[in-house]
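*Asks:* Input file: entry-v1.tsv. Contents: TSV, C-alpha atoms.
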chain	number	residue	atom	x	y	z
Z	851	MET	CA	7.63	13.13	-3.04
Z	852	ILE	CA	5.06	11.91	-0.57
Z	853	ILE	CA	1.65	10.60	-1.61
Z	854	VAL	CA	-1.33	11.01	0.70
Z	855	THR	CA	-4.70	9.39	0.08
Z	856	GLY	CA	-7.92	10.95	1.34
Z	857	ALA	CA	-6.25	14.32	0.89
Z	858	SER	CA	-9.44	16.30	0.34
Z	859	ARG	CA	-10.47	16.35	3.99
Z	860	GLY	CA	-9.98	15.10	7.53
Z	861	LEU	CA	-6.72	13.50	8.56
Z	862	GLY	CA	-5.47	13.15	4.98
Z	863	GLN	CA	-5.86	16.85	4.37
Z	864	ALA	CA	-4.22	17.76	7.71
Z	865	ILE	CA	-1.27	15.42	7.01
Z	866	ALA	CA	-0.83	16.74	3.46
Z	867	GLU	CA	-0.86	20.34	4.70
Z	868	ARG	CA	1.60	19.62	7.51
Z	869	LEU	CA	4.04	17.91	5.14
Z	870	ILE	CA	3.82	20.77	2.65
Z	871	GLU	CA	4.52	23.17	5.52
Z	872	LYS	CA	7.64	21.11	6.24
Z	873	GLY	CA	8.80	21.58	2.66
Z	874	GLU	CA	7.83	18.16	1.30
Z	875	ASP	CA	6.61	17.67	-2.26
Z	876	VAL	CA	3.14	16.22	-1.64
Z	877	ILE	CA	0.68	14.69	-4.08
Z	878	GLY	CA	-2.81	14.05	-2.80
Z	879	LEU	CA	-5.10	11.29	-4.03
Z	880	ALA	CA	-8.82	11.92	-3.61
Z	881	ARG	CA	-12.10	10.79	-5.12
Z	882	SER	CA	-12.79	14.37	-6.14
Z	883	VAL	CA	-10.01	16.88	-6.63
Z	884	SER	CA	-12.18	19.93	-7.17
Z	885	GLY	CA	-11.49	22.51	-4.51
Z	886	ILE	CA	-8.28	20.85	-3.30
Z	887	SER	CA	-5.51	23.40	-2.93
Z	888	ILE	CA	-2.62	20.93	-3.25
Z	889	HIS	CA	-1.38	18.99	-6.29
Z	890	ALA	CA	-3.86	16.13	-6.45
Z	891	ILE	CA	-4.83	13.20	-8.65
Z	892	GLU	CA	-8.34	11.80	-8.81
Z	893	CYS	CA	-8.37	8.31	-7.34
Z	894	ASP	CA	-10.95	6.12	-5.64
Z	895	VAL	CA	-8.89	3.79	-3.45
Z	896	SER	CA	-11.66	1.20	-3.37
Z	897	ASP	CA	-11.42	0.78	-7.15
Z	898	TYR	CA	-8.45	-1.28	-8.40
Z	899	THR	CA	-8.38	0.32	-11.87
Z	900	SER	CA	-8.50	3.80	-10.40
Z	901	VAL	CA	-5.54	3.05	-8.09
Z	902	LYS	CA	-3.67	1.40	-10.96
Z	903	ASN	CA	-4.17	4.51	-13.12
Z	904	ALA	CA	-2.96	6.77	-10.32
Z	905	SER	CA	0.15	4.62	-9.82
Z	906	ARG	CA	0.86	4.81	-13.57
Z	907	GLU	CA	0.58	8.60	-13.44
Z	908	ILE	CA	2.95	8.81	-10.45
Z	909	LYS	CA	5.39	6.39	-12.09
Z	910	ARG	CA	5.46	8.53	-15.23
Z	911	MET	CA	6.62	11.49	-13.09
Z	912	LYS	CA	9.88	9.56	-12.51
Z	913	LYS	CA	10.41	11.19	-9.11
Z	914	PRO	CA	11.50	9.27	-6.03
Z	915	VAL	CA	8.62	8.43	-3.71
Z	916	LYS	CA	9.68	8.91	-0.11
Z	917	ALA	CA	6.43	7.73	1.45
Z	918	PHE	CA	2.89	6.64	0.79
Z	919	ILE	CA	0.30	7.53	3.42
Z	920	ASN	CA	-2.97	5.61	3.32
Z	921	ALA	CA	-5.21	8.11	5.11
Z	922	ALA	CA	-8.39	7.56	3.08
Z	923	GLY	CA	-11.07	5.88	5.11
Z	924	VAL	CA	-14.72	5.69	6.04
Z	925	ALA	CA	-16.31	5.06	9.42
Z	926	SER	CA	-19.64	3.87	10.71
Z	927	MET	CA	-20.36	3.54	14.41
Z	928	ASN	CA	-22.94	0.79	14.74
Z	929	MET	CA	-23.36	-2.54	16.37
Z	930	ALA	CA	-22.87	-5.38	13.88
Z	931	VAL	CA	-26.54	-6.38	14.08
Z	932	THR	CA	-27.67	-2.89	13.04
Z	933	THR	CA	-25.16	-2.41	10.21
Z	934	ASP	CA	-26.66	-2.84	6.77
Z	935	GLU	CA	-24.99	-4.86	4.04
Z	936	SER	CA	-23.90	-1.92	1.90
Z	937	THR	CA	-22.19	-0.28	4.89
Z	938	VAL	CA	-20.31	-3.50	5.67
Z	939	GLN	CA	-19.16	-3.69	2.05
Z	940	ARG	CA	-18.18	-0.01	1.95
Z	941	LEU	CA	-16.15	-0.21	5.18
Z	942	ILE	CA	-14.22	-3.30	4.11
Z	943	GLN	CA	-13.77	-2.16	0.50
Z	944	THR	CA	-12.47	1.32	1.34
Z	945	ASN	CA	-10.56	0.76	4.57
Z	946	LEU	CA	-9.06	-2.68	4.03
Z	947	VAL	CA	-9.17	-3.45	0.31
Z	948	GLY	CA	-8.32	0.17	-0.58
Z	949	THR	CA	-5.23	0.06	1.64
Z	950	ILE	CA	-4.17	-3.25	0.09
Z	951	TYR	CA	-4.66	-1.94	-3.47
Z	952	CYS	CA	-2.60	1.18	-2.74
Z	953	CYS	CA	0.20	-0.77	-1.07
Z	954	GLN	CA	0.48	-3.43	-3.76
Z	955	LEU	CA	0.23	-1.05	-6.71
Z	956	PHE	CA	2.59	1.62	-5.35
Z	957	ALA	CA	5.09	-0.81	-3.80
Z	958	PRO	CA	6.94	-1.50	-7.09
Z	959	ILE	CA	8.02	2.16	-7.19
Z	960	MET	CA	9.63	1.80	-3.75
Z	961	LEU	CA	10.99	-1.69	-4.47
Z	962	ARG	CA	12.82	-0.19	-7.42
Z	963	GLN	CA	14.25	2.63	-5.27
Z	964	LYS	CA	15.06	0.21	-2.42
Z	965	HIS	CA	13.83	2.89	-0.07
Z	966	GLY	CA	10.52	4.18	1.22
Z	967	SER	CA	7.86	4.06	3.86
Z	968	PHE	CA	4.18	3.18	3.96
Z	969	ILE	CA	2.02	4.58	6.73
Z	970	ASN	CA	-1.37	2.92	7.04
Z	971	PHE	CA	-4.24	3.90	9.30
Z	972	SER	CA	-5.92	1.71	11.87
Z	973	THR	CA	-7.92	2.74	14.93
Z	974	ILE	CA	-7.56	2.37	18.65
Z	975	ALA	CA	-10.94	0.59	18.47
Z	976	VAL	CA	-9.05	-2.54	17.34
Z	977	ALA	CA	-6.93	-2.81	20.49
Z	978	LEU	CA	-9.76	-1.70	22.79
Z	979	SER	CA	-12.48	-3.85	21.13
Z	980	LEU	CA	-14.83	-0.90	21.37
Z	981	LYS	CA	-18.52	-1.75	21.49
Z	982	GLY	CA	-20.44	-0.30	18.54
Z	983	GLU	CA	-17.47	-0.34	16.18
Z	984	SER	CA	-17.30	-4.02	15.28
Z	985	VAL	CA	-17.35	-3.77	11.49
Z	986	TYR	CA	-15.20	-0.62	11.37
Z	987	ALA	CA	-12.70	-2.20	13.78
Z	988	ALA	CA	-12.70	-5.42	11.74
Z	989	SER	CA	-11.78	-3.49	8.59
Z	990	LYS	CA	-8.93	-1.80	10.46
Z	991	ALA	CA	-7.79	-5.02	12.17
Z	992	GLY	CA	-7.35	-6.29	8.63
Z	993	VAL	CA	-5.20	-3.25	7.86
Z	994	GLU	CA	-3.01	-3.98	10.91
Z	995	SER	CA	-2.59	-7.63	9.98
Z	996	PHE	CA	-1.87	-6.81	6.35
Z	997	SER	CA	0.65	-4.14	7.39
Z	998	ARG	CA	2.58	-6.45	9.73
Z	999	THR	CA	3.01	-9.09	7.04
Z	1000	PHE	CA	3.54	-6.60	4.22
Z	1001	ALA	CA	6.30	-5.03	6.33
Z	1002	ARG	CA	8.14	-8.37	6.31
Z	1003	GLU	CA	7.71	-8.70	2.55
Z	1004	MET	CA	9.12	-5.21	1.99
Z	1005	ALA	CA	11.95	-5.36	4.53
Z	1006	ASP	CA	14.53	-6.83	2.13
Z	1007	PHE	CA	14.00	-3.78	-0.05
Z	1008	ASN	CA	14.53	-1.27	2.75
Z	1009	VAL	CA	10.86	-0.28	2.64
Z	1010	ARG	CA	9.16	0.21	6.01
Z	1011	VAL	CA	5.46	-0.31	6.75
Z	1012	ASN	CA	3.79	0.96	9.91
Z	1013	CYS	CA	0.31	1.82	11.17
Z	1014	ILE	CA	-0.99	4.72	13.18
Z	1015	ALA	CA	-4.08	3.90	15.24
Z	1016	PRO	CA	-5.76	7.09	16.43
Z	1017	GLY	CA	-8.56	7.33	18.94
Z	1018	PRO	CA	-11.50	9.63	18.28
Z	1019	ILE	CA	-10.13	12.65	16.40
Z	1020	ARG	CA	-12.50	15.47	15.48
Z	1021	THR	CA	-13.01	14.95	11.73
Z	1022	ASP	CA	-16.04	14.32	9.50
Z	1023	LEU	CA	-15.80	10.65	10.47
Z	1024	LEU	CA	-17.03	11.54	13.96
Z	1025	ARG	CA	-20.19	13.31	12.82
Z	1026	GLY	CA	-22.97	12.66	15.31
Z	1027	ILE	CA	-20.71	11.31	18.06
Z	1028	THR	CA	-21.31	13.17	21.34
Z	1029	ASP	CA	-18.60	14.43	23.71
Z	1030	THR	CA	-19.79	11.93	26.33
Z	1031	GLN	CA	-19.33	9.05	23.89
Z	1032	ILE	CA	-15.86	10.32	23.01
Z	1033	GLU	CA	-14.91	10.58	26.68
Z	1034	LYS	CA	-16.06	7.01	27.23
Z	1035	ILE	CA	-13.57	5.90	24.59
Z	1036	THR	CA	-10.64	8.12	25.55
Z	1037	SER	CA	-11.00	7.10	29.22
Z	1038	GLN	CA	-9.85	3.60	28.16
Z	1039	GLN	CA	-6.56	4.91	26.74
Z	1040	VAL	CA	-3.34	4.96	28.78
Z	1041	ILE	CA	-3.36	8.74	28.36
Z	1042	PRO	CA	-7.07	9.46	28.84
Z	1043	LYS	CA	-7.52	12.51	26.65
Z	1044	GLN	CA	-8.80	13.32	23.21
Z	1045	PHE	CA	-5.96	13.89	20.77
Z	1046	GLN	CA	-6.07	16.24	17.81
Z	1047	LYS	CA	-5.25	16.03	14.11
Z	1048	SER	CA	-1.95	17.75	14.89
Z	1049	ASP	CA	-0.95	14.87	17.20
Z	1050	VAL	CA	-1.50	12.42	14.32
Z	1051	CYS	CA	0.58	14.66	12.04
Z	1052	ASP	CA	3.37	14.59	14.65
Z	1053	LEU	CA	3.39	10.78	14.56
Z	1054	VAL	CA	3.49	10.83	10.76
Z	1055	GLU	CA	6.53	13.10	10.91
Z	1056	LEU	CA	8.12	10.80	13.46
Z	1057	LEU	CA	7.64	7.73	11.25
Z	1058	LEU	CA	9.01	9.54	8.22
Z	1059	ASP	CA	12.13	10.62	10.06
Z	1060	GLU	CA	15.30	8.64	9.34
Z	1061	LYS	CA	15.59	8.24	13.11
Z	1062	ALA	CA	12.61	5.86	12.85
Z	1063	ALA	CA	14.53	3.63	10.41
Z	1064	SER	CA	14.36	0.73	12.88
Z	1065	LEU	CA	10.56	0.80	13.05
Z	1066	SER	CA	8.60	-1.46	10.73
Z	1067	GLY	CA	5.55	-3.67	11.14
Z	1068	GLN	CA	4.43	-1.62	14.14
Z	1069	VAL	CA	1.09	-0.16	15.19
Z	1070	LEU	CA	1.33	3.12	17.09
Z	1071	ASN	CA	-1.82	3.57	19.19
Z	1072	LEU	CA	-2.40	7.24	19.95
Z	1073	GLY	CA	-2.84	7.65	23.67
Z	1074	GLY	CA	-1.67	4.10	24.30
Z	1075	VAL	CA	-3.58	0.91	25.09
L	27	MET	CA	7.40	-10.04	-29.92
L	28	ASN	CA	7.90	-13.75	-30.64
L	29	ILE	CA	8.63	-16.39	-28.02
L	30	ASN	CA	12.33	-16.57	-28.88
L	31	GLN	CA	12.79	-12.84	-28.36
L	32	ALA	CA	10.88	-13.11	-25.08
L	33	LYS	CA	13.04	-16.02	-23.92
L	34	GLU	CA	16.16	-14.01	-24.68
L	35	ILE	CA	14.85	-11.03	-22.69
L	36	VAL	CA	13.73	-13.14	-19.72
L	37	ILE	CA	16.96	-15.13	-19.55
L	38	SER	CA	18.98	-11.94	-19.76
L	39	ALA	CA	16.93	-10.37	-16.91
L	40	ILE	CA	17.43	-13.48	-14.75
L	41	ASN	CA	21.13	-13.53	-15.57
L	42	ASP	CA	21.46	-9.91	-14.47
L	43	ALA	CA	19.62	-10.60	-11.21
L	44	LEU	CA	21.88	-13.58	-10.50
L	45	GLU	CA	24.94	-11.66	-11.68
L	46	GLY	CA	25.75	-14.49	-14.11
L	47	LYS	CA	26.33	-16.91	-11.24
L	48	ALA	CA	24.04	-19.70	-12.50
L	49	GLU	CA	23.53	-21.67	-15.67
L	50	ILE	CA	19.96	-20.95	-16.81
L	51	SER	CA	17.84	-23.46	-18.69
L	52	GLU	CA	14.34	-22.94	-20.10
L	53	GLN	CA	12.66	-25.47	-17.79
L	54	MET	CA	14.21	-24.17	-14.57
L	55	GLN	CA	11.67	-23.44	-11.84
L	56	LEU	CA	11.43	-19.86	-10.63
L	57	ILE	CA	9.18	-20.65	-7.64
L	58	GLY	CA	8.46	-23.81	-5.61
L	59	GLY	CA	10.72	-26.84	-5.19
L	60	GLN	CA	14.28	-25.68	-5.57
L	61	PRO	CA	13.69	-22.30	-7.15
L	62	LEU	CA	16.30	-20.53	-9.18
L	63	LEU	CA	15.49	-17.18	-7.57
L	64	ASP	CA	14.71	-16.16	-4.01
L	65	SER	CA	11.79	-13.76	-3.54
L	66	LEU	CA	14.07	-10.73	-3.60
L	67	LYS	CA	15.67	-11.74	-6.89
L	68	LEU	CA	12.27	-12.65	-8.35
L	69	VAL	CA	11.04	-9.11	-7.68
L	70	GLU	CA	14.22	-7.72	-9.24
L	71	VAL	CA	13.54	-9.78	-12.39
L	72	CYS	CA	9.94	-8.52	-12.51
L	73	LEU	CA	11.05	-4.91	-12.15
L	74	ALA	CA	13.60	-5.41	-14.94
L	75	LEU	CA	10.92	-6.99	-17.15
L	76	GLU	CA	8.65	-4.03	-16.39
L	77	ASP	CA	11.36	-1.70	-17.72
L	78	LEU	CA	12.02	-3.86	-20.77
L	79	ALA	CA	8.30	-4.05	-21.53
L	80	ASP	CA	8.19	-0.27	-21.31
L	81	GLU	CA	10.97	-0.08	-23.92
L	82	HIS	CA	8.90	-2.38	-26.16
L	83	GLY	CA	5.78	-0.26	-25.70
L	84	PHE	CA	3.65	-2.42	-23.45
L	85	GLU	CA	2.96	-2.80	-19.76
L	86	PHE	CA	4.09	-6.00	-18.07
L	87	ASP	CA	1.62	-6.98	-15.34
L	88	TRP	CA	3.23	-9.41	-12.91
L	89	THR	CA	0.38	-9.40	-10.41
L	90	SER	CA	-2.08	-12.13	-11.22
L	91	GLU	CA	-4.29	-14.56	-9.39
L	92	ALA	CA	-2.12	-17.39	-10.63
L	93	ALA	CA	1.21	-15.70	-9.90
L	94	MET	CA	2.22	-18.09	-7.12
L	95	SER	CA	0.37	-21.21	-8.27
L	96	LYS	CA	2.80	-24.03	-9.04
L	97	SER	CA	0.72	-25.38	-11.90
L	98	ARG	CA	-0.48	-22.15	-13.55
L	99	SER	CA	2.00	-19.50	-12.47
L	100	MET	CA	3.99	-17.55	-15.01
L	101	PHE	CA	6.88	-18.16	-12.60
L	102	ARG	CA	6.67	-21.96	-12.77
L	103	SER	CA	9.56	-22.00	-15.25
L	104	VAL	CA	11.77	-19.71	-17.29
L	105	VAL	CA	9.89	-20.60	-20.46
L	106	ALA	CA	6.47	-20.00	-18.82
L	107	LEU	CA	7.59	-16.50	-17.85
L	108	ALA	CA	8.84	-15.90	-21.40
L	109	GLU	CA	5.50	-17.12	-22.81
L	110	GLU	CA	3.60	-14.76	-20.52
L	111	PHE	CA	5.90	-11.87	-21.44
L	112	ALA	CA	5.41	-12.56	-25.16
L	113	SER	CA	1.65	-12.94	-24.70
L	114	GLN	CA	1.35	-9.61	-22.86
L	115	SER	CA	3.39	-7.91	-25.58
L	116	GLU	CA	0.97	-9.25	-28.21
L	117	ALA	CA	-2.06	-8.10	-26.22
L	118	LYS	CA	-0.86	-4.48	-26.04
Written as structure tokens, how would this file's structure read?

*Replies:*
Amino acid sequence: MIIVTGASRGLGQAIAERLIEKGEDVIGLARSVSGISIHAIECDVSDYTSVKNASREIKRMKKPVKAFINAAGVASMNMAVTTDESTVQRLIQTNLVGTIYCCQLFAPIMLRQKHGSFINFSTIAVALSLKGESVYAASKAGVESFSRTFAREMADFNVRVNCIAPGPIRTDLLRGITDTQIEKITSQQVIPKQFQKSDVCDLVELLLDEKAASLSGQVLNLGGV
Amino acid sequence: MNINQAKEIVISAINDALEGKAEISEQMQLIGGQPLLDSLKLVEVCLALEDLADEHGFEFDWTSEAAMSKSRSMFRSVVALAEEFASQSEAK
């Protein structure tokens, strides 16, 4: 089975739906599971006990876990000087600490299998040092750094760890961002266009494919940097 | 579970991971210095202990702040790991 966090909306939901379409057995993790059409477990990734409980529940299922996709995340587009303390905490706790909790608490399942793949989510804002995204980018830079090192720790167990770093994708995270602002960002990519959720899903499929068995510790920037 | 039972379980798990290729004593270091186990084998031992704890009706938590500390770590010696295993079984 494949586990997807943030499965109630945005990229997580799109990825979960795509994988189900492809015949995968998907379990979603979300803070609230009401209204989710797929098999889902309530889990707040920013809360260690909540992630631990979810990992216990998955372990009890005694099914092989093919992949764990850390798609849960929050965004806030602000300059550092105008970002309030609670937003800083929320960004770091959900994006970085949440990814770490999920990786460390679900890793033993894959270590036991000696097979598996983690896909974590960063942002192109890290590589492009985008103005107005300092705290968000810092939380995701942490995810990239963690993923590169975690990939080395998992390699002996045939477990791969990679990151996908999308540019601005139309999801709830981009509420209030104008088309002009988006164009300003996408114009800095190698391929200067706005990509869609489906493009991210394609990359997820690519990383899950056995043909990507040689890829670990990598960050795939959508559109290129 | 008493300490002797825990020692037996831990030594047996280490033996399995090392495929019986080393003589194991209670004071042998598991991390630091000249460790008995490399990181891969250490994880294998922890996974085995997780299973054995499950059989004994408790959950073995091998993630702790002190896990890799030479002075406080449960992995500082075979007997320290057995003590931690026994203590977690009592706390269930």

*Asks:* Excluding segment 997-1000 of chain Z and its own-chain neighbours fewer than 5 positions away, which residues fall within 12 Å of it when counting all atoms listed in the file? Please give them as a ChimeraX atom specification.

*Replies:* /Z:920,946,949-950,952-954,957,967-972,990-992,1005-1007,1009-1014,1065-1069

*Asks:* As JSON, please: the centre and edge lengths in Å, to one decimal, of an axis-aligned box enclosing every listed atom of segment 886-895 of chain Z with 5 Å added on each side.

*Replies:*
{"center_x": -6.2, "center_y": 13.6, "center_z": -5.9, "size_x": 19.6, "size_y": 29.6, "size_z": 15.9}

*Asks:* For chain L versus chain Z, which residues have an atom no more than 8 Å away, and what is each residue's nearest atom pair and distance in Å rounded to one decimal, using all atoms listed in the file, chain-then-number order, as JSON lines?

*Replies:*
{"residue": "L:Leu66", "atom": "CA", "partner": "Z:Asp1006", "partner_atom": "CA", "distance": 6.9}
{"residue": "L:Glu70", "atom": "CA", "partner": "Z:Arg962", "partner_atom": "CA", "distance": 7.9}
{"residue": "L:Leu73", "atom": "CA", "partner": "Z:Arg962", "partner_atom": "CA", "distance": 6.9}

*Asks:* Find the residues around Gly862 of chain Z up to 12 Å (all atoms listed in the file counted), leave out those fewer than 3 positions away in its own chain, and share them as a PyMOL selection string.

*Replies:* chain Z and resi 852-859+865-869+876-880+886+888+890+918-924+969-971+1021-1023+1047-1048+1050-1051+1054

*Asks:* Need the shell around segment 77-84 of chain L: protein/DNA/RNA residues with any atom at most 10 Å away, counting only C-alpha atoms. Skip same-chain ones fewer than 6 positions apart. Format as a PyMOL selection string?

*Replies:* chain L and resi 27+35-36+39+71+111-112+114-118

*Asks:* For atom CA of Leu44 of chain L and atom CA of Val915 of chain Z, quote the distance in Å rounded to one decimal.

*Replies:* 26.6 Å

*Asks:* One decimal, in Å: what's the spacing between atom CA of Ile1027 of chain Z and atom CA of Gln1044 of chain Z?

*Replies:*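 If I compute the distance from atom CA of Ile1027 of chain Z to atom CA of Gln1044 of chain Z, I get 13.1 Å.
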
*Asks:* Would you mind listing what lies within 8 Å of segment 900-910 of chain Z as a compact mmCIF listing (two decimals) with C-alpha atoms, keeping the file's coordinate frame, with all atoms listed in the file counted and same-chain residues fewer than 2 positions away left out?

*Replies:*
# COMPACT_ATOMS: atom_id res chain seq x y z
CA ILE Z 891 -4.83 13.20 -8.65
CA GLU Z 892 -8.34 11.80 -8.81
CA CYS Z 893 -8.37 8.31 -7.34
CA ASP Z 894 -10.95 6.12 -5.64
CA VAL Z 895 -8.89 3.79 -3.45
CA SER Z 896 -11.66 1.20 -3.37
CA ASP Z 897 -11.42 0.78 -7.15
CA TYR Z 898 -8.45 -1.28 -8.40
CA LYS Z 912 9.88 9.56 -12.51
CA LYS Z 913 10.41 11.19 -9.11
CA TYR Z 951 -4.66 -1.94 -3.47
CA CYS Z 952 -2.60 1.18 -2.74
CA LEU Z 955 0.23 -1.05 -6.71
CA PHE Z 956 2.59 1.62 -5.35
CA ILE Z 959 8.02 2.16 -7.19

*Asks:* In Å, how far is it from atom CA of Arg940 of chain Z to atom CA of Gly885 of chain Z?

*Replies:*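 Here the two named atoms are 24.4 Å from each other.
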
*Asks:* Taking 2 positions as the minimum chain separation for residues in the same chain, which residues sit within 12 Å of Leu56 of chain L when counting all atoms listed in the file? Answer as an NGL selection string.

*Replies:* :L and (36-37 or 40 or 50-54 or 58-69 or 71-72 or 93-96 or 99-108)

*Asks:* Using all atoms listed in the file, which of Z:Gln1039, Z:Lys916, Z:Val985, Z:Phe996 sits nearest Glu935 of chain Z?

*Replies:* Z:Val985
